[in-house]
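A.B. asks: Sending over input_9.cif (mmCIF, C-alpha atoms).
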```
data_target
#
loop_
_atom_site.label_atom_id
_atom_site.label_comp_id
_atom_site.auth_asym_id
_atom_site.auth_seq_id
_atom_site.Cartn_x
_atom_site.Cartn_y
_atom_site.Cartn_z
CA MET A 1 15.36 -8.01 44.26
CA LYS A 2 12.64 -9.20 46.62
CA LYS A 3 14.65 -8.10 49.67
CA THR A 4 15.41 -4.76 48.06
CA LEU A 5 11.75 -4.08 47.32
CA SER A 6 10.58 -5.23 50.73
CA LYS A 7 13.10 -3.02 52.49
CA ASN A 8 12.60 -0.07 50.16
CA PRO A 9 8.93 0.26 49.08
CA ASN A 10 9.73 3.71 47.70
CA MET A 11 11.47 1.95 44.79
CA LEU A 12 8.16 0.47 43.67
CA ARG A 13 6.41 3.82 43.92
CA THR A 14 9.25 5.38 41.92
CA MET A 15 8.91 2.75 39.18
CA ILE A 16 5.15 3.29 38.97
CA GLY A 17 5.59 7.07 38.89
CA LEU A 18 8.19 6.91 36.13
CA GLY A 19 6.01 4.51 34.16
CA MET A 20 2.97 6.80 34.36
CA THR A 21 5.11 9.80 33.38
CA LEU A 22 6.42 7.97 30.30
CA ILE A 23 2.89 6.88 29.39
CA LEU A 24 1.66 10.49 29.49
CA LEU A 25 4.64 11.83 27.51
CA LEU A 26 4.43 9.16 24.81
CA SER A 27 0.64 9.54 24.57
CA TYR A 28 1.08 13.26 23.99
CA ALA A 29 3.69 12.51 21.31
CA VAL A 30 1.24 10.21 19.51
CA TYR A 31 -1.51 12.83 19.78
CA SER A 32 0.64 15.69 18.47
CA ASN A 33 1.93 13.66 15.51
CA THR A 34 -1.61 12.87 14.36
CA LEU A 35 -2.45 16.58 14.18
CA ASP A 36 0.26 17.55 11.68
CA SER A 37 0.82 15.21 8.73
CA GLU A 38 3.30 15.62 5.89
CA TYR A 39 1.24 13.36 3.63
CA TYR A 40 -1.66 14.37 1.41
CA ARG A 41 -4.33 12.17 -0.11
CA PHE A 42 -5.35 12.89 -3.68
CA GLU A 43 -8.25 11.35 -5.54
CA THR A 44 -8.75 10.93 -9.28
CA THR A 45 -11.48 9.59 -11.47
CA ASN A 46 -11.08 5.90 -12.17
CA GLU A 47 -13.36 5.45 -15.16
CA GLU A 48 -13.24 2.53 -17.55
CA VAL A 49 -13.77 3.61 -21.16
CA LEU A 50 -14.49 1.38 -24.16
CA LEU A 51 -12.66 2.81 -27.17
CA THR A 52 -13.89 2.81 -30.75
CA THR A 53 -11.30 1.44 -33.18
CA ASN A 54 -10.85 2.18 -36.88
CA GLU A 55 -9.27 0.01 -39.57
CA LEU A 56 -7.48 2.17 -42.13
CA ASP A 57 -7.17 1.16 -45.80
CA GLY A 58 -7.88 -2.47 -44.99
CA ASP A 59 -4.30 -3.10 -43.84
CA GLY A 60 -5.44 -5.51 -41.13
CA LYS A 61 -4.58 -3.11 -38.30
CA TRP A 62 -6.96 -1.33 -35.97
CA TYR A 63 -6.13 2.14 -34.71
CA VAL A 64 -7.35 4.32 -31.86
CA THR A 65 -6.04 7.61 -30.45
CA THR A 66 -6.08 8.67 -26.80
CA THR A 67 -5.28 11.97 -25.09
CA SER A 68 -6.19 11.31 -21.45
CA ALA A 69 -4.05 10.10 -18.57
CA ILE A 70 -4.32 6.31 -18.77
CA SER A 71 -3.40 3.66 -16.26
CA TRP A 72 -4.86 0.39 -17.59
CA LEU A 73 -5.06 -0.48 -21.29
CA ASN A 74 -6.61 -3.88 -21.95
CA VAL A 75 -7.25 -5.58 -25.28
CA SER A 76 -9.37 -8.68 -25.81
CA MET A 77 -10.18 -10.72 -28.92
CA ASP A 78 -11.87 -14.07 -29.52
CA ASN A 79 -12.46 -16.49 -32.38
CA LEU A 80 -8.81 -16.20 -33.39
CA PRO A 81 -7.19 -18.79 -35.65
CA SER A 82 -4.93 -21.30 -33.94
CA GLY A 83 -1.31 -20.18 -33.67
CA SER A 84 -2.08 -16.50 -34.21
CA GLU A 85 -0.42 -13.67 -32.31
CA ILE A 86 -1.70 -10.23 -31.37
CA THR A 87 0.62 -7.21 -31.30
CA VAL A 88 -0.30 -4.00 -29.47
CA SER A 89 1.83 -0.95 -30.30
CA SER A 90 2.06 2.66 -29.14
CA SER A 91 3.15 5.59 -31.30
CA SER A 92 4.77 7.65 -28.54
CA THR A 93 4.41 6.09 -25.08
CA PRO A 94 6.15 2.98 -23.75
CA PHE A 95 3.88 0.80 -21.61
CA TYR A 96 4.18 -2.12 -19.21
CA THR A 97 2.88 -5.65 -19.48
CA SER A 98 3.38 -9.06 -17.90
CA GLU A 99 1.66 -12.42 -17.94
CA SER A 100 1.03 -12.00 -14.21
CA LEU A 101 -0.44 -8.51 -14.50
CA GLY A 102 -3.75 -8.28 -12.66
CA SER A 103 -3.39 -11.70 -11.02
CA ASP A 104 -3.39 -12.41 -7.30
CA ASN A 105 -0.04 -11.73 -5.63
CA ALA A 106 -0.06 -12.86 -1.98
CA GLY A 107 -3.53 -11.45 -1.44
CA ARG A 108 -2.94 -8.33 -3.55
CA MET A 109 -3.36 -7.66 -7.24
CA PHE A 110 -0.06 -7.69 -9.12
CA THR A 111 0.49 -4.23 -10.67
CA CYS A 112 4.11 -4.31 -11.89
CA LYS A 113 5.47 -2.98 -8.59
CA ASP A 114 7.37 -5.25 -6.21
CA ILE A 115 9.35 -4.71 -3.01
CA ASP A 116 13.02 -5.62 -3.29
CA ASP A 117 14.74 -8.20 -1.07
CA ASP A 118 15.60 -5.55 1.53
CA PHE A 119 11.97 -4.34 1.67
CA GLU A 120 13.15 -0.82 0.93
CA LEU A 121 12.63 0.02 -2.74
CA ILE A 122 9.71 -0.46 -5.10
CA VAL A 123 10.98 -2.00 -8.31
CA GLU A 124 9.15 -2.24 -11.63
CA SER A 125 9.01 -5.89 -12.61
CA CYS A 126 7.11 -5.80 -15.93
CA ASP A 127 8.34 -5.51 -19.52
CA LEU A 128 8.48 -1.90 -20.76
CA ASP A 129 8.38 -1.27 -24.50
CA PHE A 130 6.51 0.50 -27.29
CA SER A 131 5.16 -2.81 -28.61
CA HIS A 132 4.15 -6.13 -27.04
CA SER A 133 2.94 -9.42 -28.52
CA VAL A 134 0.84 -12.23 -27.03
CA LEU A 135 -0.09 -15.66 -28.42
CA GLU A 136 -3.69 -16.82 -28.49
CA THR A 137 -4.96 -19.55 -26.18
CA ASP A 138 -7.98 -21.56 -27.37
CA GLY A 139 -8.80 -18.79 -29.83
CA LEU A 140 -8.86 -16.13 -27.09
CA ILE A 141 -6.49 -13.34 -26.08
CA GLU A 142 -6.75 -11.18 -22.96
CA PHE A 143 -3.95 -8.61 -23.11
CA LYS A 144 -3.42 -6.43 -20.03
CA SER A 145 -1.05 -3.49 -19.71
CA ILE A 146 -0.35 -0.37 -17.66
CA VAL A 147 0.52 2.84 -19.47
CA ALA A 148 1.31 5.29 -16.64
CA ILE A 149 2.49 3.30 -13.63
CA GLU A 150 2.70 6.48 -11.51
CA LEU A 151 -1.07 6.99 -11.57
CA PRO A 152 -3.14 5.65 -8.65
CA LEU A 153 -4.58 2.45 -10.06
CA GLY A 154 -7.40 2.48 -7.53
CA GLY A 155 -8.15 6.18 -7.94
CA VAL A 156 -6.51 7.19 -4.64
CA GLY A 157 -2.87 8.11 -4.09
CA TYR A 158 -0.66 9.79 -1.49
CA ILE A 159 1.96 12.52 -1.81
CA GLU A 160 4.50 13.87 0.65
CA ALA A 161 4.54 17.67 0.74
CA ASP A 162 5.17 20.57 3.12
CA ASN A 163 1.81 22.24 2.53
CA TYR A 164 -1.43 21.98 0.59
CA ASP A 165 -0.31 24.11 -2.36
CA GLU A 166 2.76 21.96 -2.93
CA ALA A 167 0.69 18.78 -2.64
CA TYR A 168 -1.87 20.08 -5.15
CA GLU A 169 0.89 21.02 -7.58
CA LYS A 170 2.51 17.58 -7.31
CA ALA A 171 -0.81 15.79 -7.79
CA THR A 172 -1.63 17.93 -10.81
CA GLU A 173 1.78 17.25 -12.34
CA ARG A 174 1.44 13.52 -11.79
CA VAL A 175 -1.81 13.43 -13.77
CA SER A 176 -0.80 15.95 -16.45
CA ASP A 177 2.53 14.19 -17.09
CA ALA A 178 0.55 11.08 -18.05
CA GLU A 179 -1.57 12.97 -20.59
CA GLY A 180 -0.62 13.14 -24.24
CA ILE A 181 -1.65 12.21 -27.75
CA THR A 182 -0.95 8.54 -28.42
CA THR A 183 -2.09 6.38 -31.31
CA TRP A 184 -2.49 2.70 -30.55
CA SER A 185 -2.48 -0.05 -33.15
CA VAL A 186 -3.55 -3.68 -32.86
CA GLU A 187 -2.74 -6.36 -35.41
CA VAL A 188 -3.09 -10.13 -35.60
CA ARG A 189 -0.47 -12.23 -37.35
CA LYS A 190 -0.09 -15.92 -38.08
CA SER A 191 3.25 -17.26 -39.30
CA GLY A 192 4.36 -13.67 -39.88
CA THR A 193 1.38 -12.78 -42.10
CA ILE A 194 -1.30 -10.30 -41.04
CA VAL A 195 -4.69 -11.95 -40.54
CA ASN A 196 -7.64 -9.87 -41.72
CA LEU A 197 -10.51 -10.31 -39.29
CA THR A 198 -13.99 -8.88 -39.46
CA ASP A 199 -14.39 -8.50 -35.70
CA ALA A 200 -12.49 -5.55 -34.24
CA PRO A 201 -10.64 -5.94 -30.94
CA GLU A 202 -12.22 -4.68 -27.75
CA ILE A 203 -9.96 -2.01 -26.27
CA LYS A 204 -10.67 -0.65 -22.80
CA THR A 205 -8.76 2.00 -20.89
CA VAL A 206 -8.99 3.42 -17.38
CA THR A 207 -8.67 7.21 -17.44
CA HIS A 208 -7.78 9.59 -14.61
CA GLU A 209 -8.57 13.24 -13.88
CA LEU A 210 -7.69 14.98 -10.63
CA VAL A 211 -10.73 15.34 -8.36
CA SER A 212 -9.46 16.49 -4.97
CA VAL A 213 -6.43 16.87 -2.69
CA GLU A 214 -6.67 16.83 1.09
CA GLU A 215 -4.35 16.43 4.03
CA PHE A 216 -4.08 12.87 5.26
CA LYS A 217 -5.40 12.85 8.81
CA LEU A 218 -5.81 10.30 11.53
CA ASP A 219 -8.37 10.59 14.30
CA PRO A 220 -6.18 11.97 17.13
CA VAL A 221 -8.51 10.73 19.88
CA THR A 222 -8.71 7.19 18.52
CA GLU A 223 -4.97 6.96 17.82
CA THR A 224 -4.15 8.36 21.26
CA LEU A 225 -6.41 5.80 22.92
CA TYR A 226 -4.79 2.99 20.93
CA GLY A 227 -1.32 4.26 21.83
CA LEU A 228 -2.28 4.75 25.47
CA ALA A 229 -3.68 1.23 25.71
CA SER A 230 -0.51 -0.23 24.19
CA LEU A 231 1.75 1.74 26.51
CA ILE A 232 -0.28 0.83 29.59
CA GLY A 233 -0.14 -2.82 28.57
CA CYS A 234 3.64 -2.71 28.11
CA PHE A 235 4.36 -0.91 31.37
CA THR A 236 1.89 -3.12 33.23
CA MET A 237 3.84 -6.17 32.14
CA MET A 238 7.04 -4.47 33.32
CA ILE A 239 5.57 -3.56 36.71
CA VAL A 240 3.63 -6.76 37.46
CA VAL A 241 6.72 -8.86 38.21
CA PRO A 242 8.28 -6.35 40.66
CA MET A 243 4.89 -5.88 42.34
CA ILE A 244 4.45 -9.63 42.76
CA ALA A 245 7.97 -9.84 44.18
CA TYR A 246 7.28 -6.92 46.51
CA PHE A 247 3.98 -8.18 47.90
CA SER A 248 5.28 -11.73 48.28
CA SER A 249 8.29 -10.38 50.18
CA VAL A 250 6.05 -8.29 52.43
CA ALA A 251 3.77 -11.27 53.09
CA ARG A 252 6.74 -13.50 53.88
CA GLN A 253 8.22 -10.89 56.20
CA LYS A 254 4.91 -10.55 58.08
CA LYS A 255 4.64 -14.32 58.37
CA GLU A 256 8.16 -14.57 59.78
CA ASP A 257 7.48 -11.73 62.23
CA ARG A 258 4.27 -13.44 63.40
CA GLN A 259 6.05 -16.75 63.87
CA ARG A 260 8.80 -15.08 65.89
CA ALA A 261 6.18 -13.33 68.02
CA GLU A 262 4.33 -16.59 68.68
CA ASN A 263 7.50 -18.55 69.33
CA PRO A 264 9.95 -16.22 71.03
CA PRO A 265 13.45 -17.55 71.55
CA PRO A 266 14.15 -18.96 75.04
CA SER A 267 15.54 -16.41 77.43
CA ASP A 268 18.89 -17.05 79.07
#
```
In structure tokens, write the structure found in this file.
C.D. replies:
Amino acid sequence: MKKTLSKNPNMLRTMIGLGMTLILLLSYAVYSNTLDSEYYRFETTNEEVLLTTNELDGDGKWYVTTTSAISWLNVSMDNLPSGSEITVSSSSTPFYTSESLGSDNAGRMFTCKDIDDDFELIVESCDLDFSHSVLETDGLIEFKSIVAIELPLGGVGYIEADNYDEAYEKATERVSDAEGITTWSVEVRKSGTIVNLTDAPEIKTVTHELVSVEEFKLDPVTETLYGLASLIGCFTMMIVVPMIAYFSSVARQKKEDRQRAENPPPSD
């Protein structure tokens, strides 16, 4: 390779020219892709609401009715008798829960969605039912659940759509599909018998209403500069070795020519 480069310096110029051409073409591709995105960012309210519960006819159950789109529904009670169990039930909507819900999951909060072994599909890994029960621990219960797993738990979500109108329609449907009249009941039992308590459970929900929809955009200048820097770095690494080989071959050839000039072979 050294001999080839030293005898044919045009090869090096050709490699550099092709590299610069590819850098320009790929930089333009990065720039053009940042201008037209198929993804839209939608934002919802993410408001925590403390619900007021009612106990009907002294049956030991507390009831509350919701109509909004709900992501989180959390119930907490304290001063519970040892061995008691709390049961949270829904009249019309199944909801998710897990002992790990809300805990740290490899640096992220666990929210009932996991990536499968092939890192391709999002799978729901919590229990889904109309009713869930939890045992007390040291007289305390912190029950966490997610009602509508499709809602953006942080208040921000993303939708793939061909245009703004389609994105707005999809975002509206996602929120409206989670709305509905649901009556929730909470009861405490011990050994199968309802325990009548004077303190009502604390029930908190996180409600969502659509606020805005906008096209997801990247800064084309910044992304192009990042892409250009990466491409230049890659092609530089590819060109450095041939350039070193070329210049070392040229230097060696000059040295050999100088030595031959200083020490000519004896004439016959």
A.B. asks: Apply the PyMOL selection byres ((chain A and resi 188-196) around 10) to the structure shown and report the selected residues as a count of residues only.
C.D. replies: 26
A.B. asks: Restricting the calculation to only C-alpha atoms, which member of A:Cys126, A:Ile203, A:Val75, A:Ile181 is positioned closest to Leu140 of chain A?
C.D. replies: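 Among the listed residues, the smallest separation from Leu140 of chain A belongs to A:Val75.
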A.B. asks: Apply the PyMOL selection byres ((chain A and resi 95-103) around 9) to the file shown and report the selected residues as number ranges by chain.
C.D. replies: A: 90, 93-94, 104-105, 108-112, 125-132, 143-149
A.B. asks: Would you write out, as a list of chain:residue names, every residue that the PyMOL selection byres ((chain A and resi 47) around 9) captures in this file?
C.D. replies: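 Residues picked by the PyMOL selection byres ((chain A and resi 47) around 9): A:Thr45, A:Asn46, A:Glu48, A:Val49, A:Gly155, A:Thr205, A:Val206, A:Thr207, A:His208.
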A.B. asks: For the atom pair atom CA of Glu150 of chain A and atom CA of Asn54 of chain A, what is the interatomic distance in Å to one decimal place?
C.D. replies: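 Taking atom CA of Glu150 of chain A as the start and atom CA of Asn54 of chain A as the end point, the length is 29.1 Å.
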A.B. asks: Quick one, how far is atom CA of Leu51 of chain A from atom CA of Trp184 of chain A?
C.D. replies: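 So the two atoms, atom CA of Leu51 of chain A and atom CA of Trp184 of chain A, lie 10.7 Å apart.
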A.B. asks: So the first atom is atom CA of Asp177 of chain A and the second is atom CA of Thr53 of chain A; what is the distance between them in Å, to one decimal place?
C.D. replies: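 Here the two named atoms are 24.8 Å from each other.
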A.B. asks: For Leu73 of chain A, which residue among A:Glu262, A:Gln253, A:Gly157, A:Lys204 is the nearest when counting all atoms listed in the file?
C.D. replies: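 Smallest distance to Leu73 of chain A is found for A:Lys204.
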A.B. asks: So which one's closest to Asn74 of chain A, A:Glu166, A:Glu142, A:Glu55, A:Glu215? Using all atoms listed in the file, please.
C.D. replies: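 Comparing A:Glu166, A:Glu142, A:Glu55, A:Glu215 against Asn74 of chain A, the winner is A:Glu142.
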A.B. asks: Counting only C-alpha atoms, which residue out of A:Tyr158, A:Ile70, A:Lys255, A:Leu50 sits closest to Ser176 of chain A?
C.D. replies: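 Ranked by minimum distance to Ser176 of chain A, first place goes to A:Ile70.
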